[in-house]
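Heads up, my_file18.txt below (compact mmCIF, C-alpha atoms):
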# COMPACT_ATOMS: atom_id res chain seq x y z
CA MET A 17 -43.58 34.59 108.78
CA ILE A 18 -42.30 31.83 106.50
CA ALA A 19 -41.56 31.84 102.79
CA ILE A 20 -40.56 29.55 99.98
CA VAL A 21 -37.74 31.19 98.04
CA LYS A 22 -35.93 30.36 94.83
CA ILE A 23 -32.18 30.12 95.40
CA GLY A 24 -29.92 29.02 92.58
CA GLY A 25 -32.44 26.79 90.82
CA HIS A 26 -33.63 25.19 94.07
CA GLN A 27 -36.50 26.06 96.40
CA ALA A 28 -36.12 26.39 100.14
CA LEU A 29 -38.58 26.87 103.01
CA VAL A 30 -37.13 29.63 105.19
CA GLU A 31 -37.96 31.72 108.22
CA VAL A 32 -36.26 34.85 109.60
CA GLY A 33 -33.15 33.78 111.51
CA ASP A 34 -32.66 30.46 109.65
CA THR A 35 -29.15 29.48 108.57
CA ILE A 36 -29.02 27.32 105.44
CA GLU A 37 -26.44 25.96 103.00
CA VAL A 38 -27.06 26.73 99.32
CA ASP A 39 -25.07 26.23 96.12
CA LYS A 40 -22.16 28.65 95.87
CA LEU A 41 -23.22 32.27 95.28
CA ASP A 42 -21.10 35.01 93.73
CA ALA A 43 -21.13 37.27 96.80
CA GLU A 44 -18.48 38.04 99.38
CA ALA A 45 -18.86 37.08 103.02
CA GLY A 46 -20.74 39.78 104.95
CA LYS A 47 -22.71 41.04 101.90
CA THR A 48 -26.50 40.99 101.64
CA VAL A 49 -28.21 39.11 98.80
CA LYS A 50 -31.85 39.10 97.65
CA PHE A 51 -33.90 36.16 96.42
CA GLU A 52 -37.26 35.86 94.63
CA THR A 53 -40.15 34.78 96.85
CA LEU A 54 -42.52 32.12 95.49
CA LEU A 55 -44.88 31.78 98.46
CA LEU A 56 -45.40 33.85 101.59
CA SER A 57 -47.34 32.64 104.63
CA GLU A 58 -47.99 33.21 108.30
CA LYS A 59 -46.41 30.65 110.61
CA ASP A 60 -49.75 29.02 111.47
CA GLY A 61 -50.76 28.89 107.78
CA GLY A 62 -53.75 31.19 108.35
CA SER A 63 -53.10 33.60 105.48
CA PHE A 64 -50.78 33.12 102.54
CA GLN A 65 -49.92 34.54 99.13
CA VAL A 66 -48.91 32.41 96.18
CA GLY A 67 -46.97 33.85 93.24
CA THR A 68 -47.44 32.99 89.58
CA PRO A 69 -44.57 31.96 89.48
CA VAL A 70 -43.10 34.61 91.86
CA LEU A 71 -44.63 37.29 94.07
CA GLU A 72 -44.04 40.65 92.38
CA GLY A 73 -42.27 43.21 94.53
CA VAL A 74 -41.60 40.77 97.38
CA THR A 75 -38.06 39.56 98.07
CA THR A 76 -36.23 37.73 100.81
CA GLU A 77 -32.93 39.13 102.04
CA ALA A 78 -30.08 37.07 103.44
CA LYS A 79 -26.60 37.75 104.76
CA VAL A 80 -23.69 35.67 103.43
CA LEU A 81 -21.85 34.15 106.39
CA GLU A 82 -19.14 32.04 104.71
CA HIS A 83 -18.16 29.94 101.71
CA GLY A 84 -16.96 26.36 102.00
CA ARG A 85 -16.74 22.90 100.51
CA GLY A 86 -18.88 19.95 101.49
CA ASP A 87 -17.79 16.44 102.41
CA LYS A 88 -16.12 14.31 99.78
CA ILE A 89 -18.44 12.06 97.82
CA ARG A 90 -16.91 8.88 96.41
CA VAL A 91 -18.21 7.70 93.04
CA PHE A 92 -17.35 4.05 92.31
CA LYS A 93 -17.97 2.49 88.91
CA MET A 94 -17.58 -1.22 88.27
CA LYS A 95 -18.39 -3.70 85.53
CA PRO A 96 -18.51 -7.27 86.79
CA ARG A 97 -16.21 -9.90 85.22
CA LYS A 98 -14.43 -7.22 83.13
CA ARG A 99 -11.79 -5.98 85.62
CA TYR A 100 -13.17 -2.44 85.26
CA ARG A 101 -13.13 -0.41 88.46
CA ARG A 102 -12.92 3.39 88.74
CA THR A 103 -13.10 5.57 91.84
CA ARG A 104 -13.65 9.30 91.59
CA GLY A 105 -14.24 11.93 94.23
CA HIS A 106 -16.18 15.16 94.31
CA LYS A 107 -16.60 18.05 96.75
CA GLN A 108 -19.49 20.49 96.26
CA ASP A 109 -18.93 24.21 96.93
CA TYR A 110 -21.55 25.87 99.13
CA THR A 111 -22.44 29.22 100.68
CA LEU A 112 -23.77 29.50 104.22
CA ILE A 113 -26.46 32.22 104.48
CA GLU A 114 -28.66 33.61 107.24
CA ILE A 115 -32.16 34.88 106.42
CA THR A 116 -32.52 38.45 107.72
CA LYS A 117 -35.74 39.79 106.17
CA ILE A 118 -38.79 38.36 104.41
CA GLY A 119 -41.17 40.46 102.37
CA GLY A 120 -39.04 43.45 101.35
CA THR A 121 -39.64 45.38 98.15
CA SER A 122 -37.40 44.69 95.20
CA ALA A 123 -35.83 46.99 92.63
CA LYS A 124 -35.84 44.10 90.14
CA ALA A 125 -39.61 43.75 90.37
CA SER A 126 -40.25 47.36 89.34
CA ALA A 127 -37.89 47.25 86.35
CA PRO A 128 -39.84 44.62 84.33
CA LYS A 129 -43.03 46.67 84.64
CA GLU A 130 -41.38 49.43 82.60
CA LYS A 131 -40.36 46.92 79.96
CA GLU A 132 -43.89 45.55 79.78
CA THR A 133 -45.29 48.99 78.92
CA GLN A 134 -42.80 49.29 76.08
CA LYS A 135 -43.76 45.86 74.75
CA GLU A 136 -47.47 46.67 74.57
CA LYS A 137 -47.37 47.56 70.89
CA PRO A 138 -50.16 46.39 68.61
CA VAL A 139 -49.12 43.31 66.71
CA ALA A 140 -50.31 42.98 63.12
CA GLU A 141 -52.18 39.76 62.48
CA LYS A 142 -50.53 37.41 60.05
CA LYS A 143 -52.40 36.56 56.89
CA PRO A 144 -52.72 32.85 56.21
CA ALA A 145 -50.50 31.61 53.39
CA PRO A 146 -52.34 30.91 50.12
CA LYS A 147 -53.04 27.24 49.57
CA LYS A 148 -51.11 25.56 46.82
CA SER A 149 -53.02 23.79 44.09
CA PRO A 150 -52.16 20.12 43.73
CA ALA A 151 -49.49 19.57 41.09
CA LYS A 152 -50.45 17.49 38.10
CA THR A 153 -48.43 14.32 37.86
CA ALA A 154 -47.83 12.56 34.58
CA LYS A 155 -48.63 8.87 34.64
CA THR A 156 -45.84 6.69 33.37
CA ALA A 157 -46.05 3.13 32.19
CA PRO A 158 -44.83 0.54 34.68
CA LYS A 159 -41.37 -0.85 33.99
CA ALA A 160 -41.16 -4.29 32.49
CA LYS A 161 -39.36 -6.88 34.58
CA ALA A 162 -36.44 -8.79 33.15
CA PRO A 163 -37.09 -12.50 32.70
CA VAL A 164 -35.66 -14.72 35.44
CA LYS A 165 -33.24 -17.45 34.35
CA LYS A 166 -33.92 -20.87 35.72
CA LYS A 167 -31.13 -23.08 36.96
CA LYS A 168 -30.95 -26.60 35.60
Mind converting the file's structure to structure tokens?
Amino acid sequence: MIAIVKIGGHQALVEVGDTIEVDKLDAEAGKTVKFETLLLSEKDGGSFQVGTPVLEGVTTEAKVLEHGRGDKIRVFKMKPRKRYRRTRGHKQDYTLIEITKIGGTSAKASAPKEKETQKEKPVAEKKPAPKKSPAKTAKTAPKAKAPVKKKK
């Protein structure tokens, strides 16, 4: 079974047993984390479920293997003919995870259902605001222009 899961603002196509690098997660090595599942499918693509936007009650579990830092990326800025050159470096933190289970039930998915029942209160319809009558404007006489002096 394969799934598309939402991990830290990104989407990833995963299968049970896959090991992937994701943006750093706030979990210790050896802990289990759960992710929202967007799409669930058989490996051959025969039957699938698509969430709107996520599948309710379906999560994907993964085990955190380790945390690390990626390779250094060099950022070089230059403006020609201006003697402007800047070099900066950056290393991205990542978490290495292994997918252990796809399609488990989620405690998070059941909690919003309770909130939805509380929100189902009748909402009073708003009355349209009364239309304002056009204000009467007093007509004023146009201003007289000052005479223009001619140069000799």
Within 12 Å of Asp87 of chain A, counting all atoms listed in the file, which residues show up once you throw out same-chain ones fewer than 5 positions away? Write them as a short mmCIF file (atom, residue, chain, number, x, y, z; two decimals) with C-alpha atoms, in the frame of the given file, please.
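For reference, part.cif as written:
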data_model
loop_
_atom_site.label_atom_id
_atom_site.label_comp_id
_atom_site.auth_asym_id
_atom_site.auth_seq_id
_atom_site.Cartn_x
_atom_site.Cartn_y
_atom_site.Cartn_z
CA GLY A 105 -14.24 11.93 94.23
CA HIS A 106 -16.18 15.16 94.31
CA LYS A 107 -16.60 18.05 96.75
CA GLN A 108 -19.49 20.49 96.26
CA ASP A 109 -18.93 24.21 96.93
CA TYR A 110 -21.55 25.87 99.13
#
Neighbour list for Ser57 of chain A as JSON, numbers by chain, cut-off 10 Å, only C-alpha atoms, skip fewer than 4 positions in-chain: {"A": [17, 18, 19, 20, 61, 62, 63, 64, 65, 66]}
For Thr35 of chain A, the nearest of the candidates A:Leu71, A:Ile118, A:Leu81, A:Val91, counting all atoms listed in the file: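 Counting all atoms listed in the file, the residue closest to Thr35 of chain A is A:Leu81.
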A:Pro158, A:Pro96, A:Gly24, A:Gly67 ranked by distance to Asp42 of chain A, top pick (using all atoms listed in the file):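 Among A:Pro158, A:Pro96, A:Gly24, A:Gly67, it is A:Gly24 that comes nearest to Asp42 of chain A.
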Point-to-point distance in Å for atom CA of Ala43 of chain A and atom CA of Ile115 of chain A: 14.8 Å
Counting only C-alpha atoms, the residue of A:Leu29, A:Leu54, A:Ala45, A:Ile23 that sits nearest Lys79 of chain A: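 That would be A:Ala45, the residue with the smallest distance to Lys79 of chain A.
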Pairwise distance for atom CA of Phe51 of chain A and atom CA of Lys88 of chain A, rounded to one decimal in Å: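 Rounded to one decimal, the two atoms are 28.4 Å apart.
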Near-Thr103 of chain A list (7 Å; only C-alpha atoms; drop same-chain fewer than 4 positions) as number ranges by chain: A: 90-93
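Interatomic distance, atom CA of Asp34 of chain A against atom CA of Ala78 of chain A: 9.4 Å.
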Selected residue, from A:Thr53, A:Gln27, A:Thr48, A:Thr156, that lies nearest to Thr116 of chain A when counting all atoms listed in the file: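 Looking only at the distances to Thr116 of chain A, the closest residue turns out to be A:Thr48.
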Among listed residues A:Val21, A:Gly46, A:Lys40, A:Val32, nearest Val74 of chain A (using all atoms listed in the file):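 Under the stated criterion, the closest residue is A:Val21.
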